[in-house]
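Dropping final-v2.pdb in here (PDB, C-alpha atoms and all ligand atoms):
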ATOM      1  CA  MET A 459      99.550 105.205 127.323
ATOM      2  CA  GLY A 460      96.323 104.780 125.320
ATOM      3  CA  ALA A 461      95.715 102.305 122.519
ATOM      4  CA  PHE A 462      98.701 101.323 120.384
ATOM      5  CA  LEU A 463      96.662 101.878 117.236
ATOM      6  CA  GLU A 464      93.469 103.893 117.268
ATOM      7  CA  VAL A 465      91.201 104.557 114.322
ATOM      8  CA  LYS A 466      88.363 107.062 114.506
ATOM      9  CA  ASN A 467      85.516 107.383 112.005
ATOM     10  CA  LEU A 468      87.799 106.322 109.139
ATOM     11  CA  LYS A 469      86.410 106.657 105.617
ATOM     12  CA  LYS A 470      87.772 105.923 102.184
ATOM     13  CA  TYR A 471      85.687 106.713  99.117
ATOM     14  CA  PHE A 472      86.800 106.062  95.549
ATOM     15  CA  ARG A 473      85.449 108.035  92.618
ATOM     16  CA  THR A 474      83.981 105.742  89.922
ATOM     17  CA  PRO A 475      82.069 106.526  86.709
ATOM     18  CA  HIS A 476      78.862 105.554  88.568
ATOM     19  CA  GLY A 477      79.452 107.636  91.709
ATOM     20  CA  MET A 478      81.430 107.404  94.938
ATOM     21  CA  LEU A 479      82.337 103.908  96.076
ATOM     22  CA  HIS A 480      82.216 103.770  99.876
ATOM     23  CA  ALA A 481      84.975 101.194 100.488
ATOM     24  CA  VAL A 482      85.464 102.074 104.172
ATOM     25  CA  ASP A 483      82.661 104.032 105.757
ATOM     26  CA  GLY A 484      83.135 105.276 109.297
ATOM     27  CA  LEU A 485      85.175 102.627 111.117
ATOM     28  CA  SER A 486      86.346 103.183 114.697
ATOM     29  CA  PHE A 487      88.386 100.694 116.723
ATOM     30  CA  SER A 488      91.604 100.330 118.667
ATOM     31  CA  ILE A 489      94.292  97.684 119.141
ATOM     32  CA  ASN A 490      96.448  97.396 122.253
ATOM     33  CA  GLN A 491     100.153  96.643 122.052
ATOM     34  CA  GLY A 492     101.000  92.970 121.543
ATOM     35  CA  LYS A 493      97.397  92.110 120.619
ATOM     36  CA  THR A 494      95.695  91.012 117.422
ATOM     37  CA  LEU A 495      92.550  92.411 115.876
ATOM     38  CA  GLY A 496      91.010  89.982 113.374
ATOM     39  CA  VAL A 497      89.130  91.797 110.599
ATOM     40  CA  VAL A 498      86.669  89.480 108.893
ATOM     41  CA  GLY A 499      84.326  89.910 105.958
ATOM     42  CA  GLU A 500      83.577  88.796 102.427
ATOM     43  CA  SER A 501      85.655  89.802  99.467
ATOM     44  CA  GLY A 502      84.904  93.434  98.601
ATOM     45  CA  CYS A 503      83.861  94.471 102.129
ATOM     46  CA  GLY A 504      86.733  96.977 102.366
ATOM     47  CA  LYS A 505      88.993  95.060 104.740
ATOM     48  CA  SER A 506      92.095  95.203 102.513
ATOM     49  CA  THR A 507      91.475  98.901 101.870
ATOM     50  CA  LEU A 508      91.331  99.347 105.642
ATOM     51  CA  GLY A 509      94.715  97.612 106.040
ATOM     52  CA  ARG A 510      96.296  99.899 103.455
ATOM     53  CA  LEU A 511      94.752 102.999 105.033
ATOM     54  CA  VAL A 512      96.058 102.106 108.465
ATOM     55  CA  ILE A 513      99.651 101.723 107.329
ATOM     56  CA  ARG A 514      99.339 104.848 105.157
ATOM     57  CA  LEU A 515      99.613 103.188 101.752
ATOM     58  CA  LEU A 516      96.321 104.953 100.966
ATOM     59  CA  ASP A 517      95.075 108.393 101.974
ATOM     60  CA  ALA A 518      91.871 108.541 104.004
ATOM     61  CA  THR A 519      88.864 110.538 102.800
ATOM     62  CA  GLU A 520      87.920 111.368 106.398
ATOM     63  CA  GLY A 521      88.680 110.300 109.952
ATOM     64  CA  SER A 522      91.877 109.855 111.909
ATOM     65  CA  ILE A 523      94.552 107.254 112.681
ATOM     66  CA  PHE A 524      96.755 107.369 115.767
ATOM     67  CA  PHE A 525      99.788 105.096 116.119
ATOM     68  CA  GLU A 526     101.775 104.985 119.362
ATOM     69  CA  GLY A 527      99.999 108.159 120.430
ATOM     70  CA  GLU A 528     100.975 110.074 117.270
ATOM     71  CA  GLU A 529      98.438 111.122 114.658
ATOM     72  CA  ILE A 530      99.580 109.638 111.347
ATOM     73  CA  THR A 531      96.419 110.276 109.290
ATOM     74  CA  ASN A 532      98.189 112.596 106.879
ATOM     75  CA  LYS A 533     101.712 111.373 107.413
ATOM     76  CA  LYS A 534     103.505 110.038 104.349
ATOM     77  CA  HIS A 535     104.381 106.312 104.175
ATOM     78  CA  SER A 536     107.885 107.421 105.096
ATOM     79  CA  ASN A 537     110.911 105.291 105.960
ATOM     80  CA  ASP A 538     110.160 105.961 109.628
ATOM     81  CA  LEU A 539     106.633 104.532 109.300
ATOM     82  CA  LYS A 540     107.818 101.643 107.101
ATOM     83  CA  ARG A 541     110.186 100.587 109.855
ATOM     84  CA  ARG A 542     107.419 100.642 112.432
ATOM     85  CA  MET A 543     104.527  99.290 110.328
ATOM     86  CA  GLN A 544     104.698  96.508 107.785
ATOM     87  CA  ILE A 545     102.313  94.435 105.684
ATOM     88  CA  ILE A 546     102.278  90.763 104.685
ATOM     89  CA  PHE A 547     100.300  90.122 101.522
ATOM     90  CA  GLN A 548      97.946  87.314 100.583
ATOM     91  CA  ASP A 549      99.702  85.912  97.563
ATOM     92  CA  PRO A 550     103.345  85.321  98.438
ATOM     93  CA  TYR A 551     104.189  84.597  94.807
ATOM     94  CA  SER A 552     102.946  87.838  93.290
ATOM     95  CA  SER A 553     104.301  89.922  96.187
ATOM     96  CA  LEU A 554     107.858  88.692  95.595
ATOM     97  CA  ASN A 555     110.160  89.756  92.786
ATOM     98  CA  PRO A 556     110.640  86.600  90.671
ATOM     99  CA  ARG A 557     114.134  87.762  89.655
ATOM    100  CA  MET A 558     115.412  88.083  93.206
ATOM    101  CA  THR A 559     116.750  85.218  95.287
ATOM    102  CA  VAL A 560     115.623  84.629  98.867
ATOM    103  CA  LYS A 561     118.782  86.314 100.103
ATOM    104  CA  GLU A 562     118.357  89.383  97.853
ATOM    105  CA  THR A 563     114.672  89.699  98.789
ATOM    106  CA  ILE A 564     115.310  89.638 102.521
ATOM    107  CA  ILE A 565     118.369  91.880 102.607
ATOM    108  CA  GLU A 566     116.945  94.527 100.251
ATOM    109  CA  PRO A 567     114.961  96.397 102.979
ATOM    110  CA  MET A 568     117.998  96.332 105.292
ATOM    111  CA  ILE A 569     120.106  97.996 102.598
ATOM    112  CA  ILE A 570     117.421 100.540 101.621
ATOM    113  CA  HIS A 571     117.007 101.536 105.261
ATOM    114  CA  ASN A 572     120.734 101.516 105.852
ATOM    115  CA  MET A 573     120.283  99.398 108.958
ATOM    116  CA  TYR A 574     123.724  97.883 109.334
ATOM    117  CA  ARG A 575     127.228  99.224 108.919
ATOM    118  CA  SER A 576     128.879  96.199 107.358
ATOM    119  CA  GLY A 577     128.026  93.449 104.900
ATOM    120  CA  LYS A 578     128.865  90.938 107.608
ATOM    121  CA  GLU A 579     126.181  92.362 109.906
ATOM    122  CA  VAL A 580     123.636  92.179 107.065
ATOM    123  CA  LEU A 581     124.518  88.530 106.373
ATOM    124  CA  ASN A 582     124.312  87.690 110.082
ATOM    125  CA  LYS A 583     120.868  89.267 110.238
ATOM    126  CA  LEU A 584     119.821  87.368 107.092
ATOM    127  CA  SER A 585     120.851  84.104 108.670
ATOM    128  CA  GLU A 586     119.088  84.976 111.944
ATOM    129  CA  ILE A 587     115.840  85.979 110.248
ATOM    130  CA  MET A 588     115.802  82.847 108.063
ATOM    131  CA  ASP A 589     116.151  80.766 111.235
ATOM    132  CA  THR A 590     113.408  82.770 112.929
ATOM    133  CA  VAL A 591     110.873  82.097 110.169
ATOM    134  CA  GLY A 592     111.978  78.486 109.676
ATOM    135  CA  LEU A 593     113.583  78.860 106.242
ATOM    136  CA  ALA A 594     116.570  76.527 105.829
ATOM    137  CA  GLN A 595     119.791  78.320 104.861
ATOM    138  CA  ARG A 596     120.092  76.099 101.782
ATOM    139  CA  PHE A 597     117.261  78.118 100.168
ATOM    140  CA  GLU A 598     119.275  81.335 100.358
ATOM    141  CA  ASN A 599     120.040  81.358  96.636
ATOM    142  CA  SER A 600     116.668  79.955  95.491
ATOM    143  CA  TYR A 601     114.166  81.946  93.450
ATOM    144  CA  PRO A 602     110.477  82.187  94.466
ATOM    145  CA  HIS A 603     109.319  79.808  91.684
ATOM    146  CA  GLU A 604     111.614  77.097  93.081
ATOM    147  CA  LEU A 605     109.829  77.125  96.461
ATOM    148  CA  ASP A 606     106.397  75.976  97.646
ATOM    149  CA  GLY A 607     103.692  78.381  98.879
ATOM    150  CA  GLY A 608     104.535  77.946 102.558
ATOM    151  CA  ARG A 609     108.210  78.768 102.029
ATOM    152  CA  ARG A 610     107.302  81.747  99.832
ATOM    153  CA  GLN A 611     105.051  83.091 102.596
ATOM    154  CA  ARG A 612     107.914  82.614 105.071
ATOM    155  CA  ILE A 613     110.008  84.894 102.807
ATOM    156  CA  GLY A 614     107.191  87.485 102.926
ATOM    157  CA  ILE A 615     107.170  87.274 106.724
ATOM    158  CA  ALA A 616     110.985  87.492 106.892
ATOM    159  CA  ARG A 617     110.939  90.549 104.639
ATOM    160  CA  ALA A 618     108.338  92.217 106.861
ATOM    161  CA  LEU A 619     110.212  91.329 110.055
ATOM    162  CA  VAL A 620     113.651  92.370 108.939
ATOM    163  CA  LEU A 621     112.915  96.045 109.632
ATOM    164  CA  GLN A 622     111.898  95.111 113.199
ATOM    165  CA  PRO A 623     108.393  96.614 112.947
ATOM    166  CA  LYS A 624     106.059  96.874 115.913
ATOM    167  CA  PHE A 625     102.834  96.539 113.952
ATOM    168  CA  ILE A 626     102.029  94.259 111.008
ATOM    169  CA  VAL A 627      98.947  94.196 108.807
ATOM    170  CA  CYS A 628      98.517  90.590 107.727
ATOM    171  CA  ASP A 629      96.287  90.697 104.635
ATOM    172  CA  GLU A 630      94.907  87.181 104.071
ATOM    173  CA  PRO A 631      98.403  85.763 104.667
ATOM    174  CA  VAL A 632      97.326  82.108 104.594
ATOM    175  CA  SER A 633      94.356  81.987 102.241
ATOM    176  CA  ALA A 634      96.478  81.042  99.202
ATOM    177  CA  LEU A 635      98.057  78.128 101.107
ATOM    178  CA  ASP A 636      97.097  74.474 101.653
ATOM    179  CA  VAL A 637      95.293  73.850 104.933
ATOM    180  CA  SER A 638      98.243  71.983 106.515
ATOM    181  CA  ILE A 639     100.619  74.837 105.641
ATOM    182  CA  GLN A 640      98.103  77.426 106.880
ATOM    183  CA  ALA A 641      98.408  75.969 110.379
ATOM    184  CA  GLN A 642     102.218  76.111 110.236
ATOM    185  CA  ILE A 643     102.223  79.758 109.163
ATOM    186  CA  LEU A 644      99.596  80.736 111.750
ATOM    187  CA  ASN A 645     101.633  79.030 114.479
ATOM    188  CA  LEU A 646     104.765  80.792 113.274
ATOM    189  CA  MET A 647     103.013  84.166 113.366
ATOM    190  CA  GLN A 648     101.721  83.519 116.855
ATOM    191  CA  ASP A 649     105.189  82.449 118.070
ATOM    192  CA  LEU A 650     106.710  85.601 116.549
ATOM    193  CA  GLN A 651     104.097  87.743 118.251
ATOM    194  CA  ASP A 652     104.856  86.153 121.612
ATOM    195  CA  ALA A 653     108.630  86.452 121.140
ATOM    196  CA  LYS A 654     108.730  89.998 119.760
ATOM    197  CA  GLY A 655     105.605  91.586 121.242
ATOM    198  CA  LEU A 656     104.221  92.310 117.764
ATOM    199  CA  THR A 657     100.809  93.848 117.245
ATOM    200  CA  TYR A 658      98.753  92.482 114.333
ATOM    201  CA  MET A 659      95.757  93.440 112.280
ATOM    202  CA  PHE A 660      94.848  90.114 110.737
ATOM    203  CA  ILE A 661      92.568  90.431 107.705
ATOM    204  CA  THR A 662      90.696  87.398 106.386
ATOM    205  CA  HIS A 663      87.436  86.254 104.800
ATOM    206  CA  ASN A 664      87.524  83.113 106.949
ATOM    207  CA  LEU A 665      86.335  83.472 110.529
ATOM    208  CA  SER A 666      87.834  80.128 111.571
ATOM    209  CA  VAL A 667      91.338  81.332 110.586
ATOM    210  CA  VAL A 668      91.256  84.222 113.073
ATOM    211  CA  LYS A 669      89.554  82.357 115.930
ATOM    212  CA  HIS A 670      92.763  81.349 117.654
ATOM    213  CA  ILE A 671      95.098  84.149 116.630
ATOM    214  CA  SER A 672      92.825  87.118 117.478
ATOM    215  CA  ASP A 673      92.191  88.811 120.803
ATOM    216  CA  ASP A 674      89.365  90.829 119.270
ATOM    217  CA  ILE A 675      87.398  90.362 116.069
ATOM    218  CA  MET A 676      85.687  92.983 113.934
ATOM    219  CA  VAL A 677      83.158  91.700 111.398
ATOM    220  CA  MET A 678      82.863  94.064 108.444
ATOM    221  CA  TYR A 679      80.029  94.307 105.964
ATOM    222  CA  LEU A 680      80.318  96.646 102.974
ATOM    223  CA  GLY A 681      82.701  99.102 104.562
ATOM    224  CA  MET A 682      81.049  99.221 107.986
ATOM    225  CA  THR A 683      81.311  97.348 111.280
ATOM    226  CA  ALA A 684      78.573  94.771 111.789
ATOM    227  CA  GLU A 685      79.951  93.483 115.103
ATOM    228  CA  ILE A 686      83.088  93.828 117.205
ATOM    229  CA  SER A 687      84.071  92.085 120.437
ATOM    230  CA  GLY A 688      86.607  89.821 122.091
ATOM    231  CA  SER A 689      87.302  86.720 120.002
ATOM    232  CA  ASP A 690      85.872  84.130 122.424
ATOM    233  CA  GLU A 691      82.863  86.324 123.116
ATOM    234  CA  LEU A 692      82.112  86.644 119.392
ATOM    235  CA  PHE A 693      82.073  82.879 118.977
ATOM    236  CA  GLU A 694      80.076  82.270 122.158
ATOM    237  CA  LYS A 695      77.533  85.104 121.913
ATOM    238  CA  THR A 696      77.303  85.930 118.218
ATOM    239  CA  LEU A 697      74.821  88.781 117.895
ATOM    240  CA  HIS A 698      74.621  90.104 114.341
ATOM    241  CA  PRO A 699      72.732  88.119 111.654
ATOM    242  CA  TYR A 700      75.697  88.482 109.277
ATOM    243  CA  SER A 701      78.213  87.236 111.854
ATOM    244  CA  LYS A 702      75.897  84.285 112.539
ATOM    245  CA  ALA A 703      75.918  83.434 108.818
ATOM    246  CA  LEU A 704      79.735  83.624 108.697
ATOM    247  CA  LEU A 705      79.998  81.424 111.765
ATOM    248  CA  ALA A 706      77.525  78.898 110.427
ATOM    249  CA  ALA A 707      79.681  78.565 107.297
ATOM    250  CA  ILE A 708      82.610  77.211 109.349
ATOM    251  CA  PRO A 709      82.947  73.426 109.030
ATOM    252  CA  GLU A 710      81.577  71.593 112.115
ATOM    253  CA  PRO A 711      84.851  70.222 113.565
ATOM    254  CA  VAL A 712      85.986  73.802 114.218
ATOM    255  CA  VAL A 713      82.812  75.051 115.851
ATOM    256  CA  HIS A 714      81.223  71.922 117.476
ATOM    257  CA  SER A 715      77.991  73.776 117.892
ATOM    258  CA  GLY A 716      75.354  71.980 115.879
ATOM    259  CA  ARG A 717      74.661  75.323 114.191
ATOM    260  CA  ARG A 718      72.646  75.055 111.010
ATOM    261  CA  ARG A 719      74.275  76.415 107.882
ATOM    262  CA  ILE A 720      72.775  79.789 106.866
ATOM    263  CA  LEU A 721      72.646  80.424 103.165
ATOM    264  CA  LEU A 722      72.873  84.110 102.381
ATOM    265  CA  LYS A 723      70.293  84.958  99.736
ATOM    266  CA  GLY A 724      69.579  88.220  97.969
ATOM    267  CA  GLU A 725      71.803  90.594  96.094
ATOM    268  CA  LEU A 726      74.800  92.262  97.640
ATOM    269  CA  THR A 727      73.960  95.962  98.141
ATOM    270  CA  SER A 728      76.078  98.196  95.919
ATOM    271  CA  PRO A 729      78.779 100.081  97.797
ATOM    272  CA  ILE A 730      78.470 102.879  95.205
ATOM    273  CA  GLU A 731      76.427 105.754  96.669
ATOM    274  CA  PRO A 732      74.761 103.318  99.126
ATOM    275  CA  LYS A 733      71.261 104.096 100.372
ATOM    276  CA  PRO A 734      70.780 105.051 104.031
ATOM    277  CA  GLY A 735      69.433 101.674 105.286
ATOM    278  CA  CYS A 736      71.274  98.701 106.763
ATOM    279  CA  ARG A 737      73.653  97.434 104.084
ATOM    280  CA  PHE A 738      72.852  93.845 104.994
ATOM    281  CA  ALA A 739      69.074  94.296 104.629
ATOM    282  CA  ALA A 740      68.752  92.733 101.153
ATOM    283  CA  ARG A 741      70.211  89.463 102.495
ATOM    284  CA  CYS A 742      68.826  89.453 106.033
ATOM    285  CA  ASP A 743      65.933  87.180 107.069
ATOM    286  CA  TYR A 744      64.915  89.659 109.775
ATOM    287  CA  ALA A 745      64.809  92.822 107.639
ATOM    288  CA  THR A 746      61.858  95.198 108.008
ATOM    289  CA  ASP A 747      61.013  98.510 106.344
ATOM    290  CA  LYS A 748      63.014 100.268 109.062
ATOM    291  CA  CYS A 749      66.123  98.289 108.059
ATOM    292  CA  PHE A 750      65.842  99.570 104.485
ATOM    293  CA  ALA A 751      65.387 103.165 105.660
ATOM    294  CA  GLU A 752      67.811 103.693 108.576
ATOM    295  CA  TYR A 753      71.334 102.429 109.151
ATOM    296  CA  PRO A 754      71.569 100.909 112.636
ATOM    297  CA  VAL A 755      74.147 102.463 114.920
ATOM    298  CA  LEU A 756      76.870 100.355 116.489
ATOM    299  CA  GLU A 757      75.610  99.739 120.018
ATOM    300  CA  GLU A 758      77.261  98.136 123.052
ATOM    301  CA  ILE A 759      75.073  95.128 123.839
ATOM    302  CA  PHE A 760      77.394  93.393 126.319
ATOM    303  CA  PRO A 761      80.512  95.008 127.857
ATOM    304  CA  ALA A 762      82.978  95.693 124.999
ATOM    305  CA  HIS A 763      80.705  93.786 122.600
ATOM    306  CA  PHE A 764      79.106  96.002 119.942
ATOM    307  CA  ALA A 765      76.673  95.198 117.136
ATOM    308  CA  ALA A 766      74.931  97.310 114.502
ATOM    309  CA  CYS A 767      71.422  95.899 114.105
ATOM    310  CA  HIS A 768      68.008  97.434 114.862
ATOM    311  CA  TYR A 769      66.667  94.135 116.164
ATOM    312  CA  VAL A 770      69.739  92.668 117.827
ATOM    313  CA  ARG A 771      67.943  92.219 121.171
ATOM    314  CA  GLU A 772      64.835  90.605 119.683
ATOM    315  CA  ILE A 773      66.861  88.275 117.445
ATOM    316  CA  ASN A 774      68.986  87.122 120.380
ATOM    317  CA  GLY A 775      66.216  86.824 122.972
ATOM    318  CA  LEU A 776      67.546  89.807 124.956
ATOM    319  CA  ALA A 777      64.505  92.078 124.603
TER     320      ALA A 777
HETATM  321 FE1  LIG B   1      69.007  92.525 109.541
HETATM  322 FE2  LIG B   1      67.715  94.802 110.018
HETATM  323 FE3  LIG B   1      69.546  93.952 111.698
HETATM  324 FE4  LIG B   1      70.261  94.888 109.323
HETATM  325  S1  LIG B   1      69.273  96.050 110.957
HETATM  326  S2  LIG B   1      71.040  93.072 110.310
HETATM  327  S3  LIG B   1      68.600  94.129 108.075
HETATM  328  S4  LIG B   1      67.600  92.953 111.223
END
How does the structure come out when it is put into structure tokens?
Ligand code: SF4
Amino acid sequence: MGAFLEVKNLKKYFRTPHGMLHAVDGLSFSINQGKTLGVVGESGCGKSTLGRLVIRLLDATEGSIFFEGEEITNKKHSNDLKRRMQIIFQDPYSSLNPRMTVKETIIEPMIIHNMYRSGKEVLNKLSEIMDTVGLAQRFENSYPHELDGGRRQRIGIARALVLQPKFIVCDEPVSALDVSIQAQILNLMQDLQDAKGLTYMFITHNLSVVKHISDDIMVMYLGMTAEISGSDELFEKTLHPYSKALLAAIPEPVVHSGRRRILLKGELTSPIEPKPGCRFAARCDYATDKCFAEYPVLEEIFPAHFAACHYVREINGLA
């Protein structure tokens, strides 16, 4: 069997009063079963749009998506797909219905999808899933506003898991949480992946968050791939100037590298009707006239390690 999830030349453009906004612009990648792809980039780079495209909450403008060998590019976000693909959102509070208790929130998908024959089976599953995500049974009748952020995110995870999906898009699932709770949720997600063989696309603006949970990392810049490789490789042999800036922004105790902080200057290029050059050129210390005129193609620099930069070899002493 090929890749569990495969995306080819995926594009999503939105019509705006000022022209077409290129939110996702020609992404290609794959994820193997039981693995995690970390998708990293600044706010507005198109990573959340990508997550919604992949699980068919949004229609693609161009390109194709294959899931478990089946092309789903134009398939509706049907009950069948919902059972196989789920999403966990960034803000657990706004993604939960404030009028529903923990119990009602978690059992709702089971009832909609008619998963169990009796109420007893549903309640057994509720109890099992609450145990799995570390939510004490005493919170069963609590409302979201009565719980802290970590517990609310555990409800979001329970709700996603209850349909027994194989693939989960995790859209900034810990960025609204305190640092100590972030670690708990990340550990929980990793344990669940190990126990259930889940496949994740883990979207975040924070490279340090995905370092340990990802097998591969794709760095996105304004709808396009700047760099993609194995997670360890990306941290050890960072190639693209934008990835280097993201890495240098990670606090020292995480990286231990003595890297100097790189301040990104210059204006963010508009994603509306973008010009043909490298989208990072206005902020890149190495930019030349060529960078403003031609978009660099994504090139394999080391085995399974790709970067899109005209001068990647010169910048990294590989020329
Ligand atoms: Fe910088 Fe040019 Fe490389 Fe773009 S192509 S990252 S502007 S050096």
What box, with edges along x, y and z, holds each listed atom of ligand LIG 1 (chain B) when 8 Å is added on every side, and can you state its centre and edge lengths in Å to one decimal, as lines of an AutoDock Vina configuration file?
center_x = 69.3
center_y = 94.3
center_z = 109.9
size_x = 19.4
size_y = 19.5
size_z = 19.6
Just give me the residues with any atom within 7 Å of (105.9, 92.8, 115.6), file coordinates, counting all atoms listed in the file, written as a ChimeraX atom specification.
/A:622-626,651,654-657
How about saving the chosen residues, C-alpha atoms kept, as an mmCIF file, in the frame of the given file?
data_model
loop_
_atom_site.group_PDB
_atom_site.id
_atom_site.type_symbol
_atom_site.label_atom_id
_atom_site.label_comp_id
_atom_site.auth_asym_id
_atom_site.auth_seq_id
_atom_site.Cartn_x
_atom_site.Cartn_y
_atom_site.Cartn_z
ATOM 1 C CA GLN A 622 111.898 95.111 113.199
ATOM 2 C CA PRO A 623 108.393 96.614 112.947
ATOM 3 C CA LYS A 624 106.059 96.874 115.913
ATOM 4 C CA PHE A 625 102.834 96.539 113.952
ATOM 5 C CA ILE A 626 102.029 94.259 111.008
ATOM 6 C CA GLN A 651 104.097 87.743 118.251
ATOM 7 C CA LYS A 654 108.730 89.998 119.760
ATOM 8 C CA GLY A 655 105.605 91.586 121.242
ATOM 9 C CA LEU A 656 104.221 92.310 117.764
ATOM 10 C CA THR A 657 100.809 93.848 117.245
#
For the structure shown, which residues end up in the PyMOL selection byres (((not hetatm)) within 8 of (chain B and resi 1))? Put them as JSON, numbers by chain, please?
{"A": [684, 698, 699, 700, 735, 736, 737, 738, 739, 740, 741, 742, 743, 744, 745, 746, 748, 749, 750, 753, 754, 766, 767, 768, 769, 770, 773]}
With a distance cut-off of 8 Å and only C-alpha atoms, select the neighbouring residues of range 631-639 of chain A, excluding the residue or stretch itself and same-chain residues fewer than 3 positions from it, and output the selection as JSON, numbers by chain.
{"A": [546, 547, 548, 549, 550, 607, 608, 611, 628, 642, 643, 644, 662]}
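Minimum atom-to-atom distances from A:Lys540, A:Leu704, A:Pro709, A:Ser501 to His571 in chain A were compared using all atoms listed in the file, and the lowest value belongs to A:Lys540.
Checking A:Ile489, A:Ala481, A:Leu463, A:Val627 one by one against Gly688 in chain A, counting all atoms listed in the file, you find the shortest gap at A:Ile489.
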Name the residues that the PyMOL selection byres (((chain A and resi 513) around 10) and not hetatm) pulls out of this structure, and write them as a VMD selection string.
chain A and resid 508 to 512 514 to 517 523 525 530 to 531 533 to 535 539 to 540 542 to 545 625 to 627
Distance CA of Lys723 in chain A-CA of Ile759 in chain A, one decimal place?
26.6 Å
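Atom to atom, CA of Arg617 in chain A and CA of Met588 in chain A stand 9.7 Å apart.
Taking all atoms listed in the file into account, Ile569 in chain A lies nearest to A:Lys583 out of the set A:His670, A:His603, A:Arg557, A:Lys583.
Picture a line from CA of Met478 in chain A to CA of Leu680 in chain A; it runs 13.5 Å.
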Skipping near chain neighbours, those fewer than 3 positions away, what residues fall within 10 Å of Phe760 in chain A using all atoms listed in the file, listed as a PDB file with C-alpha atoms, in the frame of the given file?
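Contents of around.pdb, as written:
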ATOM      1  CA  SER A 687      84.071  92.085 120.437  1.00  0.00           C
ATOM      2  CA  GLU A 691      82.863  86.324 123.116  1.00  0.00           C
ATOM      3  CA  LYS A 695      77.533  85.104 121.913  1.00  0.00           C
ATOM      4  CA  LEU A 697      74.821  88.781 117.895  1.00  0.00           C
ATOM      5  CA  GLU A 757      75.610  99.739 120.018  1.00  0.00           C
ATOM      6  CA  HIS A 763      80.705  93.786 122.600  1.00  0.00           C
ATOM      7  CA  PHE A 764      79.106  96.002 119.942  1.00  0.00           C
ATOM      8  CA  ALA A 765      76.673  95.198 117.136  1.00  0.00           C
TER       9      ALA A 765
END
Write out as a ChimeraX atom specification which residues come within 9 Å of Met647 in chain A when counting all atoms listed in the file, dropping same-chain ones fewer than 5 positions away.
/A:591,615,642,652,671
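Each of A:Ala751, A:Leu646, A:Ala777, A:Ile565 was compared to Pro734 in chain A using all atoms listed in the file, and A:Ala751 turns out to be the nearest.
Closest to Val497 in chain A among A:Met676, A:Met682, A:Leu705, A:Leu692 is A:Met676, based on only C-alpha atoms.
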